[in-house]
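K.L.:
Here it is, the structure in full.
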Amino acid sequence: MPKAVDILADILQNSVMDERHINQERDVILREMEEVETHDDEVIFDYLHATAFQGTPLARTILGPRENVRSLTRDHLKSYIDANYTAPRMVLVGTGAVEQQQLVDLGAKHFEKLQRDGKGESLRNAEIHFTGGDVKARDDDLPLAQVAIAFEGLPWKHPDSFALMVMQSILGSWNRQSIAGSNVASTMCSQIADAGLAHSVMAFNTTYSDTGLFGVYAVGEEEKLQDLVWLIQRSMLNLSTNLTDEEVARAQSQLKANLLFQDGTTAVCEDIGRQLLVYGRRLPLAEVFARIDAVTPETVRRVASELIVDREVAAASKGPLAYMPDYTFMRRRTYMLRY
């Protein structure tokens, strides 16, 4: 462990950033960008962020435009490190055969010179706002359409963030290769499977420090898109009205089971780091379970009414889209489907 922490500290604080190596890595990143663009499920969420958070940093892709990669210099990288590699933004985490006090001592030894305040420009305090909207990348040569529909979610520390986790579990996920077929607990997934409206469907809850995205991602055939979108929106709106105690209890149990069966030290390490950065501490599992159990059907209905009913919607789609509803159709449905 001393060797590992020493290497990490050296990488973070003493990188040489030789121009030759930067140019080599620049070519690697450009090739990776080309590969990412072939993964429709990643591209569609880039599109979704672009239309959901227009004009803000969250609208930008993680990799950025090619011209930025080509023009990056050592000075750009150094400026970014000076602004963002600071003590309040870092957590040293160890899992597995780790002695807590040894890790603390090593952290104090190797990171004592880490800056508390960043120098230069940072996006940490940039204003983020949800606008909603619709973006379509029509390509009739593709066999299937990718669709993502979302509403503004909640930040990590919001009191109702656990209610959104339960809502995501209620909506669930499904694909045609599932051994359960249409016999899934999620009402939305069961109805989509019975009607053959999609090849796969997945609810998602993406959370950030000051906002989030809550929605459904689906892959389906072109001629079924209108019915698919209609059913997805109805299912999301039903969270504010037609919700049973059994659905909430099932979702809570499933959510807790997923947390219990986190696999491997890597997943646990990431979870500890995320919680320390967000909450300043690691939430004990008993506390997490208590927060999940505190979510009642009334809580779900209230949160769904506040976030989904008659709210701006963001949608992104790619592929053959002749039957994909437009933004006006989807926005109107957020109000009319209540009835």
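Following the order of the structure tokens, first chain is A, next is B, and so on, with residues numbered from 1 inside each chain and ligands from 1 in the order they appear.
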Please identify all polymer residues within 12 Å of Glu99 (chain A), counting only C-alpha atoms, omitting same-chain residues fewer than 6 positions from it, and present them as number ranges by chain.
P.N.:
A: 1-2, 93, 105-106
K.L.:
I'd like to know which residues of region 97-221 of chain A are strand (DSSP E) (by DSSP, run on the backbone); could you write them as a VMD selection string?
P.N.:
chain A and resid 133 to 138 145 to 152 173 to 175 200 to 207 212 to 220
K.L.:
Write the residues you've just listed into a file as a short mmCIF file (atom, residue, chain, number, x, y, z; two decimals), in the first residue's frame, and include C-alpha atoms for each of them.
P.N.:
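Writing done, so here's selection.cif:
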```cif
data_model
loop_
_atom_site.label_atom_id
_atom_site.label_comp_id
_atom_site.auth_asym_id
_atom_site.auth_seq_id
_atom_site.Cartn_x
_atom_site.Cartn_y
_atom_site.Cartn_z
CA GLY A 133 -36.18 20.40 -25.64
CA ASP A 134 -35.98 17.81 -28.39
CA VAL A 135 -33.07 16.68 -30.55
CA LYS A 136 -33.31 14.11 -33.35
CA ALA A 137 -30.52 12.47 -35.32
CA ARG A 138 -32.44 10.76 -38.10
CA ALA A 145 -34.28 3.72 -33.05
CA GLN A 146 -32.77 4.86 -29.74
CA VAL A 147 -34.98 7.09 -27.59
CA ALA A 148 -34.39 8.83 -24.26
CA ILE A 149 -37.06 10.89 -22.49
CA ALA A 150 -36.27 12.75 -19.28
CA PHE A 151 -37.38 15.35 -16.78
CA GLU A 152 -35.21 17.40 -14.48
CA SER A 173 -35.69 -2.30 -16.91
CA TRP A 174 -36.21 -5.11 -19.43
CA ASN A 175 -34.88 -6.54 -22.67
CA SER A 200 -35.13 -3.01 -24.47
CA VAL A 201 -36.15 -0.36 -21.98
CA MET A 202 -34.41 1.07 -18.91
CA ALA A 203 -35.31 3.73 -16.36
CA PHE A 204 -32.41 5.97 -15.32
CA ASN A 205 -31.71 8.49 -12.59
CA THR A 206 -28.59 10.55 -13.27
CA THR A 207 -27.65 12.72 -10.29
CA GLY A 212 -30.22 15.63 -12.35
CA LEU A 213 -32.03 13.76 -15.10
CA PHE A 214 -34.81 11.25 -14.45
CA GLY A 215 -36.21 9.33 -17.36
CA VAL A 216 -36.43 6.26 -19.56
CA TYR A 217 -34.19 5.00 -22.37
CA ALA A 218 -35.55 2.56 -24.95
CA VAL A 219 -34.56 0.83 -28.17
CA GLY A 220 -37.32 -0.03 -30.62
#
```
K.L.:
Work out how far CA of Ile272 (chain A) is from CA of Asp6 (chain A), in Å to one decimal.
P.N.:
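Separation between CA of Asp6 (chain A) and CA of Ile272 (chain A): 20.6 Å.
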K.L.:
Using only C-alpha atoms, which residues sit within 10 Å of Leu12 (chain A) once same-chain residues fewer than 5 positions away are excluded, as an mmCIF file with N, CA and C atoms, in the first residue's frame?
P.N.:
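After the write, part-v2.cif holds the following:
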```
data_model
loop_
_atom_site.group_PDB
_atom_site.id
_atom_site.type_symbol
_atom_site.label_atom_id
_atom_site.label_comp_id
_atom_site.auth_asym_id
_atom_site.auth_seq_id
_atom_site.Cartn_x
_atom_site.Cartn_y
_atom_site.Cartn_z
ATOM 1 N N ILE A 7 2.824 6.176 -5.664
ATOM 2 C CA ILE A 7 2.657 6.309 -7.119
ATOM 3 C C ILE A 7 1.493 7.230 -7.454
ATOM 4 N N ILE A 81 -5.305 21.578 -13.968
ATOM 5 C CA ILE A 81 -4.850 20.924 -12.737
ATOM 6 C C ILE A 81 -4.781 21.932 -11.590
ATOM 7 N N TYR A 85 -7.369 20.338 -9.142
ATOM 8 C CA TYR A 85 -6.735 19.306 -8.309
ATOM 9 C C TYR A 85 -6.434 19.898 -6.935
ATOM 10 N N PHE A 111 0.250 13.899 0.573
ATOM 11 C CA PHE A 111 -0.620 14.936 0.020
ATOM 12 C C PHE A 111 -0.632 16.210 0.862
ATOM 13 N N LEU A 114 -0.813 19.545 -1.021
ATOM 14 C CA LEU A 114 -1.931 19.751 -1.944
ATOM 15 C C LEU A 114 -2.637 21.072 -1.636
#
```
K.L.:
Applying 9 Å and only C-alpha atoms, which residues near Ala193 (chain A) remain after dropping the ones on its own chain fewer than 4 positions away? List them as a PyMOL selection string.
P.N.:
chain A and resi 174-176+181-184+188-189+197-200
K.L.:
Can those selected residues be exported to a file as a PDB file, in the first residue's frame so that it contains N, CA and C atoms?
P.N.:
```pdb
ATOM      1  N   TRP A 174     -35.876  -3.839 -18.773  1.00  0.00           N
ATOM      2  CA  TRP A 174     -36.214  -5.105 -19.428  1.00  0.00           C
ATOM      3  C   TRP A 174     -35.591  -5.153 -20.815  1.00  0.00           C
ATOM      4  N   ASN A 175     -35.267  -6.368 -21.284  1.00  0.00           N
ATOM      5  CA  ASN A 175     -34.879  -6.539 -22.670  1.00  0.00           C
ATOM      6  C   ASN A 175     -35.371  -7.883 -23.181  1.00  0.00           C
ATOM      7  N   ARG A 176     -35.388  -8.027 -24.474  1.00  0.00           N
ATOM      8  CA  ARG A 176     -35.971  -9.217 -25.097  1.00  0.00           C
ATOM      9  C   ARG A 176     -35.217 -10.499 -24.763  1.00  0.00           C
ATOM     10  N   GLY A 181     -39.093 -12.976 -19.796  1.00  0.00           N
ATOM     11  CA  GLY A 181     -40.061 -12.604 -20.819  1.00  0.00           C
ATOM     12  C   GLY A 181     -40.833 -11.372 -20.404  1.00  0.00           C
ATOM     13  N   SER A 182     -42.152 -11.454 -20.534  1.00  0.00           N
ATOM     14  CA  SER A 182     -42.992 -10.324 -20.123  1.00  0.00           C
ATOM     15  C   SER A 182     -43.414 -10.422 -18.664  1.00  0.00           C
ATOM     16  N   ASN A 183     -42.962 -11.459 -17.971  1.00  0.00           N
ATOM     17  CA  ASN A 183     -43.344 -11.655 -16.569  1.00  0.00           C
ATOM     18  C   ASN A 183     -42.403 -10.900 -15.642  1.00  0.00           C
ATOM     19  N   VAL A 184     -42.380  -9.608 -15.788  1.00  0.00           N
ATOM     20  CA  VAL A 184     -41.554  -8.765 -14.941  1.00  0.00           C
ATOM     21  C   VAL A 184     -42.448  -7.955 -14.017  1.00  0.00           C
ATOM     22  N   MET A 188     -44.660  -0.914 -16.342  1.00  0.00           N
ATOM     23  CA  MET A 188     -44.259  -0.335 -17.610  1.00  0.00           C
ATOM     24  C   MET A 188     -43.562  -1.368 -18.485  1.00  0.00           C
ATOM     25  N   CYS A 189     -42.604  -2.077 -17.932  1.00  0.00           N
ATOM     26  CA  CYS A 189     -41.850  -3.063 -18.704  1.00  0.00           C
ATOM     27  C   CYS A 189     -42.732  -4.206 -19.164  1.00  0.00           C
ATOM     28  N   LEU A 197     -43.384  -3.522 -28.008  1.00  0.00           N
ATOM     29  CA  LEU A 197     -43.097  -2.146 -28.430  1.00  0.00           C
ATOM     30  C   LEU A 197     -41.613  -1.809 -28.450  1.00  0.00           C
ATOM     31  N   ALA A 198     -40.773  -2.612 -27.814  1.00  0.00           N
ATOM     32  CA  ALA A 198     -39.347  -2.274 -27.745  1.00  0.00           C
ATOM     33  C   ALA A 198     -38.508  -3.533 -27.643  1.00  0.00           C
ATOM     34  N   HIS A 199     -37.245  -3.384 -27.990  1.00  0.00           N
ATOM     35  CA  HIS A 199     -36.282  -4.462 -27.791  1.00  0.00           C
ATOM     36  C   HIS A 199     -35.685  -4.401 -26.386  1.00  0.00           C
ATOM     37  N   SER A 200     -35.594  -3.191 -25.840  1.00  0.00           N
ATOM     38  CA  SER A 200     -35.128  -3.012 -24.468  1.00  0.00           C
ATOM     39  C   SER A 200     -35.625  -1.677 -23.940  1.00  0.00           C
TER      40      SER A 200
END
```
K.L.:
If you run DSSP on this backbone, which residues of region 59-294 of chain A come out as alpha helix (DSSP H), and could you give them as a ChimeraX atom specification?
P.N.:
/A:66-71,74-84,100-110,161-171,187-195,225-238,245-260,264-279,285-293
K.L.:
Would you save the residues of that selection, restricted to C-alpha atoms, as a CSV table (one decimal), in the first residue's frame?
P.N.:
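Final output, saved to selection24.csv:
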```csv
chain,number,residue,atom,x,y,z
A,66,ARG,CA,-12.3,17.4,-31.8
A,67,GLU,CA,-10.9,20.8,-32.4
A,68,ASN,CA,-10.3,21.2,-28.6
A,69,VAL,CA,-8.4,17.9,-28.4
A,70,ARG,CA,-6.3,18.9,-31.4
A,71,SER,CA,-5.5,22.3,-29.9
A,74,ARG,CA,0.6,21.7,-21.8
A,75,ASP,CA,-0.4,25.1,-20.5
A,76,HIS,CA,-4.1,24.2,-20.8
A,77,LEU,CA,-3.6,21.0,-18.9
A,78,LYS,CA,-1.5,22.8,-16.2
A,79,SER,CA,-4.2,25.4,-15.8
A,80,TYR,CA,-6.9,22.8,-15.4
A,81,ILE,CA,-4.9,20.9,-12.7
A,82,ASP,CA,-4.1,24.1,-10.8
A,83,ALA,CA,-7.9,25.0,-10.8
A,84,ASN,CA,-9.3,21.6,-10.0
A,100,GLN,CA,-7.3,2.7,8.1
A,101,GLN,CA,-4.6,4.4,10.2
A,102,GLN,CA,-1.9,3.5,7.8
A,103,LEU,CA,-3.9,5.0,4.9
A,104,VAL,CA,-4.5,8.2,6.9
A,105,ASP,CA,-0.8,8.5,7.7
A,106,LEU,CA,0.2,7.9,4.1
A,107,GLY,CA,-2.3,10.5,2.9
A,108,ALA,CA,-0.9,13.0,5.3
A,109,LYS,CA,2.6,12.2,4.2
A,110,HIS,CA,2.1,12.3,0.4
A,161,SER,CA,-33.3,12.0,-3.8
A,162,PHE,CA,-34.1,8.5,-2.3
A,163,ALA,CA,-37.6,8.8,-3.6
A,164,LEU,CA,-36.3,9.2,-7.1
A,165,MET,CA,-34.2,6.0,-6.6
A,166,VAL,CA,-37.4,4.1,-5.6
A,167,MET,CA,-39.2,5.6,-8.6
A,168,GLN,CA,-36.5,4.4,-10.9
A,169,SER,CA,-36.8,0.9,-9.4
A,170,ILE,CA,-40.6,1.0,-9.9
A,171,LEU,CA,-40.2,1.8,-13.6
A,187,THR,CA,-45.9,-2.5,-14.9
A,188,MET,CA,-44.3,-0.3,-17.6
A,189,CYS,CA,-41.8,-3.1,-18.7
A,190,SER,CA,-44.5,-5.7,-18.7
A,191,GLN,CA,-46.8,-3.7,-20.9
A,192,ILE,CA,-44.0,-2.8,-23.3
A,193,ALA,CA,-43.0,-6.5,-23.5
A,194,ASP,CA,-46.6,-7.7,-24.0
A,195,ALA,CA,-47.2,-5.3,-26.8
A,225,LEU,CA,-42.2,4.7,-31.7
A,226,GLN,CA,-45.3,6.7,-31.1
A,227,ASP,CA,-47.0,4.0,-29.1
A,228,LEU,CA,-43.7,3.4,-27.2
A,229,VAL,CA,-43.3,7.0,-26.3
A,230,TRP,CA,-46.9,7.3,-25.3
A,231,LEU,CA,-46.7,4.3,-22.9
A,232,ILE,CA,-43.4,5.5,-21.4
A,233,GLN,CA,-44.8,8.9,-20.6
A,234,ARG,CA,-48.0,7.4,-19.3
A,235,SER,CA,-46.0,5.1,-17.0
A,236,MET,CA,-44.0,8.0,-15.7
A,237,LEU,CA,-47.1,10.2,-15.1
A,238,ASN,CA,-48.8,7.2,-13.4
A,245,ASP,CA,-48.3,0.0,-1.9
A,246,GLU,CA,-47.1,-3.3,-3.4
A,247,GLU,CA,-45.2,-1.5,-6.2
A,248,VAL,CA,-43.4,0.7,-3.8
A,249,ALA,CA,-42.6,-2.2,-1.4
A,250,ARG,CA,-41.2,-4.3,-4.3
A,251,ALA,CA,-39.1,-1.4,-5.6
A,252,GLN,CA,-37.7,-0.7,-2.1
A,253,SER,CA,-36.7,-4.4,-1.7
A,254,GLN,CA,-35.1,-4.5,-5.1
A,255,LEU,CA,-33.2,-1.3,-4.4
A,256,LYS,CA,-31.8,-2.6,-1.1
A,257,ALA,CA,-30.9,-6.0,-2.7
A,258,ASN,CA,-28.9,-4.2,-5.4
A,259,LEU,CA,-27.0,-2.3,-2.7
A,260,LEU,CA,-26.3,-5.4,-0.7
A,264,GLY,CA,-15.9,-6.5,-5.6
A,265,THR,CA,-13.7,-4.0,-3.9
A,266,THR,CA,-13.7,-1.7,-7.0
A,267,ALA,CA,-17.4,-1.0,-6.7
A,268,VAL,CA,-17.2,-0.5,-3.0
A,269,CYS,CA,-14.2,1.9,-3.4
A,270,GLU,CA,-16.1,4.0,-5.9
A,271,ASP,CA,-19.1,4.1,-3.7
A,272,ILE,CA,-17.1,5.3,-0.7
A,273,GLY,CA,-15.4,8.0,-2.8
A,274,ARG,CA,-18.6,9.2,-4.2
A,275,GLN,CA,-20.3,9.4,-0.8
A,276,LEU,CA,-17.4,11.2,0.8
A,277,LEU,CA,-17.4,13.8,-2.0
A,278,VAL,CA,-21.2,14.3,-1.8
A,279,TYR,CA,-22.0,13.9,1.8
A,285,LEU,CA,-26.0,0.7,5.1
A,286,ALA,CA,-28.6,0.8,7.9
A,287,GLU,CA,-29.1,4.6,7.3
A,288,VAL,CA,-29.4,4.1,3.6
A,289,PHE,CA,-32.0,1.4,4.2
A,290,ALA,CA,-33.9,3.6,6.6
A,291,ARG,CA,-34.0,6.4,4.0
A,292,ILE,CA,-35.3,3.9,1.4
A,293,ASP,CA,-37.9,2.5,3.8
```
K.L.:
Do you know which residues are at most 9 Å from Thr299 (chain A) counting only C-alpha atoms, after dropping those on the same chain fewer than 4 positions away, and could you put them as a ChimeraX atom specification?
P.N.:
/A:160,163,294-295,303-304
K.L.:
Once you have the residues from the selection above, write them out as a PDB file, in the first residue's frame, restricted to C-alpha atoms.
P.N.:
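Saved file result.pdb follows:
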```pdb
ATOM      1  CA  ASP A 160     -36.271  13.500  -1.978  1.00  0.00           C
ATOM      2  CA  ALA A 163     -37.643   8.811  -3.557  1.00  0.00           C
ATOM      3  CA  ALA A 294     -39.057   6.087   4.653  1.00  0.00           C
ATOM      4  CA  VAL A 295     -40.251   6.568   1.071  1.00  0.00           C
ATOM      5  CA  VAL A 303     -42.346  13.905  -5.968  1.00  0.00           C
ATOM      6  CA  ALA A 304     -43.700  12.654  -9.297  1.00  0.00           C
TER       7      ALA A 304
END
```
K.L.:
Rank A:Leu30, A:Arg311, A:Ala4, A:Leu321 by their smallest atom-to-atom distance to Gly94 (chain A), using only C-alpha atoms, and report the top residue only.
P.N.:
A:Ala4
K.L.:
Quick one: distance from CA of Leu8 (chain A) to CA of Asp117 (chain A) in Å, one decimal?
P.N.:
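It comes out at 20.4 Å.
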K.L.:
Mind giving me the straight-line distance from CA of Thr334 (chain A) to CA of Glu312 (chain A) in Å, one decimal?
P.N.:
8.1 Å
K.L.:
Find, counting only C-alpha atoms, the residue in A:Thr211, A:Gln115, A:Gln262, A:Thr241 that gets nearest to His49 (chain A).
P.N.:
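Answer, going by the shortest atom-to-atom distance: A:Thr211.
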